[in-house]
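Pasted below: protein-v3.cif, mmCIF, C-alpha atoms (C1' of nucleotides).
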data_upload
#
loop_
_atom_site.label_atom_id
_atom_site.label_comp_id
_atom_site.auth_asym_id
_atom_site.auth_seq_id
_atom_site.Cartn_x
_atom_site.Cartn_y
_atom_site.Cartn_z
CA MET C 1 0.00 0.00 0.00
CA PRO C 2 2.22 2.73 1.19
CA GLU C 3 5.20 4.10 -0.65
CA LEU C 4 7.41 6.99 0.40
CA PRO C 5 4.77 9.77 0.13
CA GLU C 6 2.17 7.84 2.09
CA VAL C 7 4.64 6.86 4.82
CA GLU C 8 5.99 10.42 4.98
CA THR C 9 2.46 11.77 5.42
CA ILE C 10 1.75 9.36 8.27
CA VAL C 11 5.10 10.11 9.90
CA ARG C 12 4.45 13.85 9.92
CA ASP C 13 0.94 13.28 11.29
CA VAL C 14 2.04 10.96 14.08
CA ASP C 15 4.95 13.21 15.01
CA ARG C 16 2.62 16.19 15.28
CA LEU C 17 -0.13 14.31 17.14
CA ALA C 18 1.80 11.97 19.43
CA ARG C 19 5.26 13.41 20.03
CA GLY C 20 5.83 13.76 23.75
CA ALA C 21 3.11 11.28 24.65
CA THR C 22 3.97 8.32 26.85
CA ILE C 23 2.87 4.83 25.81
CA GLN C 24 1.14 3.57 28.93
CA SER C 25 -0.22 0.28 27.65
CA VAL C 26 0.41 -2.10 24.76
CA ASP C 27 -2.07 -4.72 23.57
CA VAL C 28 -0.94 -7.06 20.84
CA LEU C 29 -4.07 -8.51 19.25
CA ARG C 30 -2.26 -10.14 16.31
CA PRO C 31 1.07 -11.57 17.52
CA ASP C 32 2.15 -12.53 13.98
CA LEU C 33 2.71 -8.81 13.30
CA ILE C 34 5.59 -8.72 15.79
CA VAL C 35 8.85 -9.92 14.26
CA GLY C 36 12.02 -11.00 16.01
CA ALA C 37 10.52 -11.15 19.50
CA THR C 38 7.55 -12.46 21.39
CA ALA C 39 4.55 -10.21 21.83
CA ASP C 40 5.41 -10.03 25.52
CA ALA C 41 8.98 -8.89 24.92
CA PHE C 42 7.67 -6.32 22.46
CA ARG C 43 5.24 -5.01 25.05
CA ARG C 44 7.96 -4.71 27.69
CA CYS C 45 10.21 -2.87 25.21
CA VAL C 46 7.56 -0.26 24.40
CA GLU C 47 5.50 0.13 27.55
CA GLY C 48 6.21 3.18 29.69
CA ARG C 49 8.36 4.84 27.03
CA THR C 50 7.89 8.35 25.68
CA ILE C 51 7.62 9.11 21.97
CA ARG C 52 10.49 11.51 21.42
CA ARG C 53 10.27 11.85 17.67
CA VAL C 54 8.81 10.11 14.63
CA THR C 55 10.83 9.86 11.41
CA ARG C 56 10.86 7.92 8.15
CA ARG C 57 13.57 5.78 6.57
CA ALA C 58 12.62 4.18 3.25
CA LYS C 59 9.07 2.91 3.81
CA ASN C 60 9.60 2.43 7.55
CA ILE C 61 8.09 4.53 10.31
CA VAL C 62 10.75 4.95 13.00
CA ILE C 63 9.59 5.99 16.45
CA ASP C 64 12.34 7.19 18.79
CA LEU C 65 11.73 5.77 22.27
CA GLY C 66 15.14 6.67 23.67
CA ALA C 67 17.47 3.68 23.70
CA ASP C 68 15.17 1.71 21.36
CA ARG C 69 13.38 2.31 18.12
CA LEU C 70 9.83 1.19 17.41
CA VAL C 71 9.99 0.38 13.70
CA VAL C 72 6.74 -0.04 11.77
CA ASN C 73 6.48 -1.28 8.20
CA LEU C 74 2.95 -1.06 6.85
CA GLY C 75 3.21 -3.77 4.20
CA MET C 76 0.32 -3.46 1.77
CA THR C 77 -2.65 -2.58 3.96
CA GLY C 78 -1.22 -1.35 7.25
CA ARG C 79 -2.48 1.86 8.88
CA LEU C 80 -1.15 3.79 11.84
CA LEU C 81 -3.92 5.86 13.38
CA VAL C 82 -4.10 8.32 16.27
CA THR C 83 -7.60 8.36 17.70
CA ASP C 84 -9.31 10.16 20.55
CA ALA C 85 -10.46 8.40 23.69
CA GLY C 86 -13.88 6.88 23.12
CA ALA C 87 -13.66 6.72 19.31
CA PRO C 88 -14.88 3.39 17.89
CA LEU C 89 -12.14 0.83 17.29
CA PRO C 90 -11.49 -0.15 13.65
CA SER C 91 -11.79 -3.71 12.35
CA HIS C 92 -8.64 -5.80 11.79
CA LEU C 93 -6.93 -4.15 14.73
CA GLY C 94 -3.40 -5.49 15.20
CA VAL C 95 -1.82 -3.54 18.06
CA ARG C 96 -3.31 -0.96 20.41
CA PHE C 97 -1.05 1.52 22.19
CA GLY C 98 -2.66 3.51 24.99
CA LEU C 99 -1.21 7.02 25.24
CA THR C 100 -1.27 9.59 27.98
CA ASP C 101 -4.39 11.77 27.74
CA ARG C 102 -6.33 8.57 26.91
CA ARG C 103 -5.77 8.81 23.19
CA LEU C 104 -4.80 5.69 21.25
CA LEU C 105 -2.15 4.87 18.67
CA LEU C 106 -3.58 2.01 16.60
CA TYR C 107 -1.96 -0.36 14.16
CA GLN C 108 -4.56 -1.80 11.81
CA ASP C 109 -3.82 -4.24 8.97
CA VAL C 110 -6.24 -6.34 6.91
CA ARG C 111 -3.68 -8.55 5.16
CA ARG C 112 -1.09 -8.52 7.96
CA PHE C 113 1.90 -8.16 5.62
CA GLY C 114 3.06 -5.35 7.88
CA ARG C 115 5.30 -5.77 10.91
CA LEU C 116 6.37 -4.02 14.04
CA GLN C 117 9.50 -4.40 16.10
CA CYS C 118 11.17 -2.71 19.03
CA ILE C 119 14.96 -2.86 18.67
CA PRO C 120 18.04 -1.22 20.16
CA VAL C 121 19.33 1.86 18.33
CA GLY C 122 22.45 0.00 17.19
CA GLU C 123 20.46 -2.76 15.57
CA TRP C 124 18.29 -0.24 13.78
CA GLU C 125 21.35 1.64 12.51
CA GLU C 126 22.71 -1.60 11.11
CA ARG C 127 19.52 -2.18 9.14
CA ASP C 128 19.48 1.44 8.08
CA ARG C 129 22.91 1.04 6.50
CA ALA C 130 21.70 -1.79 4.26
CA LEU C 131 19.06 0.45 2.69
CA GLY C 132 19.70 2.53 -0.43
CA PHE C 133 19.63 6.24 -1.14
CA GLU C 134 16.86 8.47 0.17
CA PRO C 135 15.67 9.94 -3.12
CA LEU C 136 14.77 13.35 -1.66
CA LEU C 137 18.15 13.93 0.04
CA ASP C 138 21.19 15.57 -1.55
CA GLU C 139 23.08 12.24 -1.49
CA PHE C 140 20.84 11.06 -4.33
CA THR C 141 22.35 12.55 -7.48
CA PRO C 142 21.94 11.77 -11.19
CA GLY C 143 25.48 10.36 -11.13
CA ALA C 144 24.69 8.06 -8.22
CA LEU C 145 21.59 6.76 -9.98
CA HIS C 146 23.48 6.20 -13.21
CA ASP C 147 26.39 4.41 -11.51
CA LEU C 148 24.06 2.01 -9.71
CA ALA C 149 21.86 1.40 -12.76
CA ARG C 150 24.89 0.49 -14.88
CA ARG C 151 25.49 -2.54 -12.66
CA SER C 152 22.14 -4.19 -13.26
CA ARG C 153 20.49 -5.83 -16.23
CA VAL C 154 16.99 -6.04 -14.71
CA ALA C 155 14.15 -4.01 -16.17
CA VAL C 156 14.46 -0.41 -15.00
CA LYS C 157 10.97 -0.49 -13.46
CA THR C 158 11.81 -3.53 -11.32
CA TRP C 159 15.18 -1.96 -10.54
CA LEU C 160 13.58 1.23 -9.23
CA MET C 161 11.53 -0.76 -6.74
CA ASP C 162 14.54 -2.51 -5.17
CA GLN C 163 15.05 -0.88 -1.77
CA ARG C 164 18.77 -1.75 -1.68
CA ARG C 165 19.55 0.94 -4.29
CA VAL C 166 17.00 3.75 -4.08
CA VAL C 167 14.35 3.54 -1.37
CA GLY C 168 10.73 4.58 -1.16
CA VAL C 169 9.65 3.95 -4.74
CA GLY C 170 7.02 1.23 -5.03
CA ASN C 171 4.69 0.01 -7.72
CA ILE C 172 2.71 3.22 -8.26
CA TYR C 173 5.53 5.75 -8.29
CA ALA C 174 7.85 3.54 -10.37
CA SER C 175 5.34 3.61 -13.23
CA GLU C 176 4.63 7.31 -12.69
CA ALA C 177 8.31 8.33 -12.61
CA LEU C 178 9.14 6.38 -15.77
CA PHE C 179 6.23 8.03 -17.58
CA ARG C 180 7.46 11.47 -16.54
CA ALA C 181 10.98 10.55 -17.66
CA ALA C 182 9.62 9.15 -20.98
CA ILE C 183 11.53 5.87 -20.45
CA ASP C 184 10.16 2.44 -21.42
CA PRO C 185 9.82 0.40 -18.18
CA ARG C 186 11.08 -2.76 -19.94
CA ARG C 187 14.50 -1.28 -20.70
CA PRO C 188 17.39 -2.91 -18.82
CA ALA C 189 18.62 -0.58 -16.08
CA ASN C 190 22.12 -0.63 -17.56
CA SER C 191 20.88 0.63 -20.92
CA LEU C 192 20.10 4.12 -19.62
CA SER C 193 22.25 6.94 -20.98
CA PHE C 194 23.45 9.59 -18.55
CA ALA C 195 20.86 12.00 -19.93
CA GLU C 196 18.13 9.43 -19.31
CA SER C 197 19.43 8.84 -15.78
CA GLU C 198 19.21 12.58 -15.20
CA ARG C 199 15.62 12.61 -16.44
CA LEU C 200 14.70 9.66 -14.26
CA HIS C 201 16.38 11.23 -11.23
CA ARG C 202 14.39 14.44 -11.70
CA ALA C 203 11.14 12.52 -12.38
CA VAL C 204 11.47 10.41 -9.21
CA ARG C 205 12.01 13.50 -7.08
CA GLU C 206 9.21 15.44 -8.73
CA VAL C 207 6.56 12.76 -8.44
CA LEU C 208 7.41 11.92 -4.82
CA THR C 209 7.46 15.59 -3.83
CA GLU C 210 4.12 16.32 -5.50
CA ALA C 211 2.55 13.21 -3.98
CA ILE C 212 3.65 14.33 -0.50
CA GLU C 213 2.05 17.73 -1.13
CA PHE C 214 -1.21 15.94 -1.93
CA ARG C 215 -0.86 13.64 1.12
CA GLY C 216 -0.34 10.44 -0.85
CA THR C 217 -2.32 8.17 -3.16
CA THR C 218 -5.37 6.27 -1.97
CA LEU C 219 -6.33 3.41 -4.27
CA LEU C 220 -8.26 1.46 -1.68
CA ASP C 221 -6.74 1.08 1.76
CA TYR C 222 -4.35 3.95 2.40
CA ARG C 223 -5.33 6.46 5.08
CA ASP C 224 -3.31 9.10 6.95
CA ALA C 225 -3.00 9.03 10.74
CA SER C 226 -6.37 10.74 11.09
CA GLY C 227 -8.10 8.26 8.75
CA GLN C 228 -8.30 10.61 5.75
CA GLU C 229 -7.64 9.57 2.14
CA GLY C 230 -4.77 10.95 0.07
CA GLY C 231 -5.40 13.42 -2.74
CA PHE C 232 -2.85 12.31 -5.36
CA SER C 233 -5.03 9.56 -6.91
CA ARG C 234 -6.60 11.96 -9.41
CA ARG C 235 -3.18 13.14 -10.53
CA LEU C 236 -1.87 9.71 -11.54
CA ARG C 237 -0.91 9.77 -15.23
CA VAL C 238 -0.55 6.04 -15.96
CA TYR C 239 -1.06 3.88 -12.85
CA ASP C 240 -4.36 1.94 -12.94
CA ARG C 241 -5.30 3.64 -16.24
CA ALA C 242 -5.03 0.65 -18.62
CA GLY C 243 -6.98 1.36 -21.81
CA ASP C 244 -7.50 5.02 -20.95
CA ALA C 245 -6.03 7.74 -23.16
CA CYS C 246 -2.50 8.93 -22.37
CA ARG C 247 -2.78 12.45 -21.02
CA ALA C 248 0.11 13.52 -23.25
CA CYS C 249 -0.61 11.86 -26.62
CA GLY C 250 -4.01 10.15 -26.42
CA HIS C 251 -2.67 6.66 -27.10
CA PRO C 252 -4.20 3.97 -24.83
CA ILE C 253 -2.19 3.18 -21.68
CA GLU C 254 -0.83 -0.38 -21.58
CA ARG C 255 -0.73 -2.76 -18.64
CA ILE C 256 2.03 -5.38 -18.52
CA VAL C 257 3.33 -7.65 -15.74
CA GLN C 258 6.94 -7.36 -14.54
CA GLY C 259 8.20 -9.46 -11.65
CA GLY C 260 4.61 -10.37 -10.84
CA ARG C 261 3.53 -6.73 -10.47
CA SER C 262 1.47 -4.56 -12.81
CA THR C 263 3.27 -1.89 -14.79
CA PHE C 264 1.40 0.86 -16.63
CA TYR C 265 2.96 2.91 -19.42
CA CYS C 266 2.45 4.67 -22.73
CA VAL C 267 4.08 2.81 -25.62
CA ARG C 268 4.19 6.00 -27.67
CA CYS C 269 5.61 8.44 -25.09
CA GLN C 270 8.04 6.07 -23.35
CA ARG C 271 11.03 4.81 -25.33
"C1'" DA Q 1 26.13 -12.04 -6.75
"C1'" DA Q 2 22.33 -11.12 -9.12
"C1'" DC Q 3 18.00 -12.45 -10.39
"C1'" DG Q 4 13.29 -14.53 -10.66
"C1'" DC Q 5 9.76 -16.68 -8.32
"C1'" DG Q 6 6.65 -18.20 -4.76
"C1'" DC Q 7 4.72 -17.02 -0.61
"C1'" DC Q 8 2.78 -14.52 3.43
"C1'" DC Q 9 -3.04 -13.05 4.09
"C1'" DT Q 10 -7.68 -11.07 3.41
"C1'" DG Q 11 -10.91 -8.74 0.63
"C1'" DT Q 12 -13.00 -7.30 -3.67
"C1'" DC Q 13 -14.32 -7.61 -8.24
"C1'" DC Q 14 -15.39 -9.87 -12.56
"C1'" DG Q 15 -16.88 -13.53 -15.62
"C1'" DC Q 16 -19.46 -17.65 -16.03
"C1'" DT H 1 -26.67 -16.24 -5.99
"C1'" DG H 2 -22.63 -18.81 -5.98
"C1'" DC H 3 -17.98 -19.95 -7.14
"C1'" DG H 4 -13.36 -19.80 -8.96
"C1'" DG H 5 -9.68 -16.94 -10.45
"C1'" DA H 6 -7.20 -12.70 -10.74
"C1'" DC H 7 -5.56 -8.95 -8.46
"C1'" DA H 8 -4.23 -5.42 -4.66
"C1'" DG H 9 0.73 0.70 -2.33
"C1'" DG H 10 5.60 -4.83 0.18
"C1'" DG H 11 9.26 -7.63 1.38
"C1'" DC H 12 11.56 -12.01 2.51
"C1'" DG H 13 13.66 -16.42 1.58
"C1'" DC H 14 14.62 -19.80 -1.61
"C1'" DG H 15 16.83 -22.02 -5.66
"C1'" DT H 16 19.58 -21.34 -9.78
#
Whole structure given in structure tokens:
Amino acid sequence: MPELPEVETIVRDVDRLARGATIQSVDVLRPDLIVGATADAFRRCVEGRTIRRVTRRAKNIVIDLGADRLVVNLGMTGRLLVTDAGAPLPSHLGVRFGLTDRRLLLYQDVRRFGRLQCIPVGEWEERDRALGFEPLLDEFTPGALHDLARRSRVAVKTWLMDQRRVVGVGNIYASEALFRAAIDPRRPANSLSFAESERLHRAVREVLTEAIEFRGTTLLDYRDASGQEGGFSRRLRVYDRAGDACRACGHPIERIVQGGRSTFYCVRCQR
DNA sequence: AACGCGCCCTGTCCGC
DNA sequence: TGCGGACAGGGCGCGT
């Protein structure tokens, strides 16, 4: 479900709404969501701690609890919600955190592909190092993208989604960025010229930045921390538009399957 | 080492 | 109305 813009929106919401709150109780309703520890160990790690700050790394929500980090990955259908005391509980509730002032931080997940863990800072930093470039930071340059792409023969669309190189781009924004860069998603990553790498670099940044401004894309499940839908759905140029007219040239948008995932593109505009 | 595939799980939609 | 199959914002572990 959530790619960089959706996770970033949730992170900003939760930081604004819950920073400074203490987690007074932890109820794990779906233990399979907790990885690397028992539900009980997870509860002991989190309970009584204060939320110092909420940040994002790749598609992970990272909650600073002091010596430990509460790391949340939403998978496909995960939601992190801050609700007021007395609000009705959502279905498919996975973990309920009781905050000071009787508000709740809720993890909800229909498919349960998401996961939560509470780990020491050092362990988190180790995982952090294995992740690729943050596309919106200065470290991500056209040259860096081109150098990495030259080493891989996989289709550039599949390549973009691999979190070991560039993070945060998932199935929606990979298609959208390649459309904006006018690059055929089937091209091997190592076939991109430097000029094309520059175009792709700019397109990735542009589409992610615009999507954050519109608070993400809701296809079905995505909601921000207050339960609201994202506004970027109407601005998608190719994703989920198979058969519809390309907004640039009028040619019908194609849907193909790459690595088991749908790719949408314009055969006329993207070469 | 890099790559492709199957799998985790539930819900929805579409065709017959 | 019911049923089977395809598909859905992700990521991991396996075999080659």
For this session: Please evaluate the PyMOL selection byres ((chain H) within 10 of (chain C)) against the structure above and give the resulting residues as a count of residues only.
Result: 5
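This file gives the following result for the PyMOL selection byres ((chain C and resi 110) around 7): Thr77, His92, Gln108, Asp109, Arg111 and Arg112 of chain C; DT10 of chain Q.
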Any chance you can output those residues with C-alpha atoms (C1' of nucleotides) as a tab-separated table (two decimals), in the coordinates of the input?
chain	number	residue	atom	x	y	z
C	77	THR	CA	-2.65	-2.58	3.96
C	92	HIS	CA	-8.64	-5.80	11.79
C	108	GLN	CA	-4.56	-1.80	11.81
C	109	ASP	CA	-3.82	-4.24	8.97
C	111	ARG	CA	-3.68	-8.55	5.16
C	112	ARG	CA	-1.09	-8.52	7.96
Q	10	DT	C1'	-7.68	-11.07	3.41
Exercise. Contacts of Ala195 in chain C at 9 Å or less, counting all atoms listed in the file, minus same-chain residues fewer than 4 places along, as a list in words?
Worked result: Pro142, Arg199 and Leu200 of chain C
For this session: Write out as a PyMOL selection string every residue belonging to chain Q that has an atom at most 9 Å from any atom of chain C, counting all atoms listed in the file.
Result: chain Q and resi 2-5+8-11
I need the residues from that last selection saved to file as a CSV table (one decimal), in the frame of the given file (with C-alpha atoms (C1' of nucleotides)), if you can.
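Contents of again.csv, freshly written:
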chain,number,residue,atom,x,y,z
Q,2,DA,C1',22.3,-11.1,-9.1
Q,3,DC,C1',18.0,-12.4,-10.4
Q,4,DG,C1',13.3,-14.5,-10.7
Q,5,DC,C1',9.8,-16.7,-8.3
Q,8,DC,C1',2.8,-14.5,3.4
Q,9,DC,C1',-3.0,-13.0,4.1
Q,10,DT,C1',-7.7,-11.1,3.4
Q,11,DG,C1',-10.9,-8.7,0.6
Seminar exercise, completed: Correct to one decimal, the distance CA of Val257 in chain C-CA of Leu33 in chain C is 29.1 Å
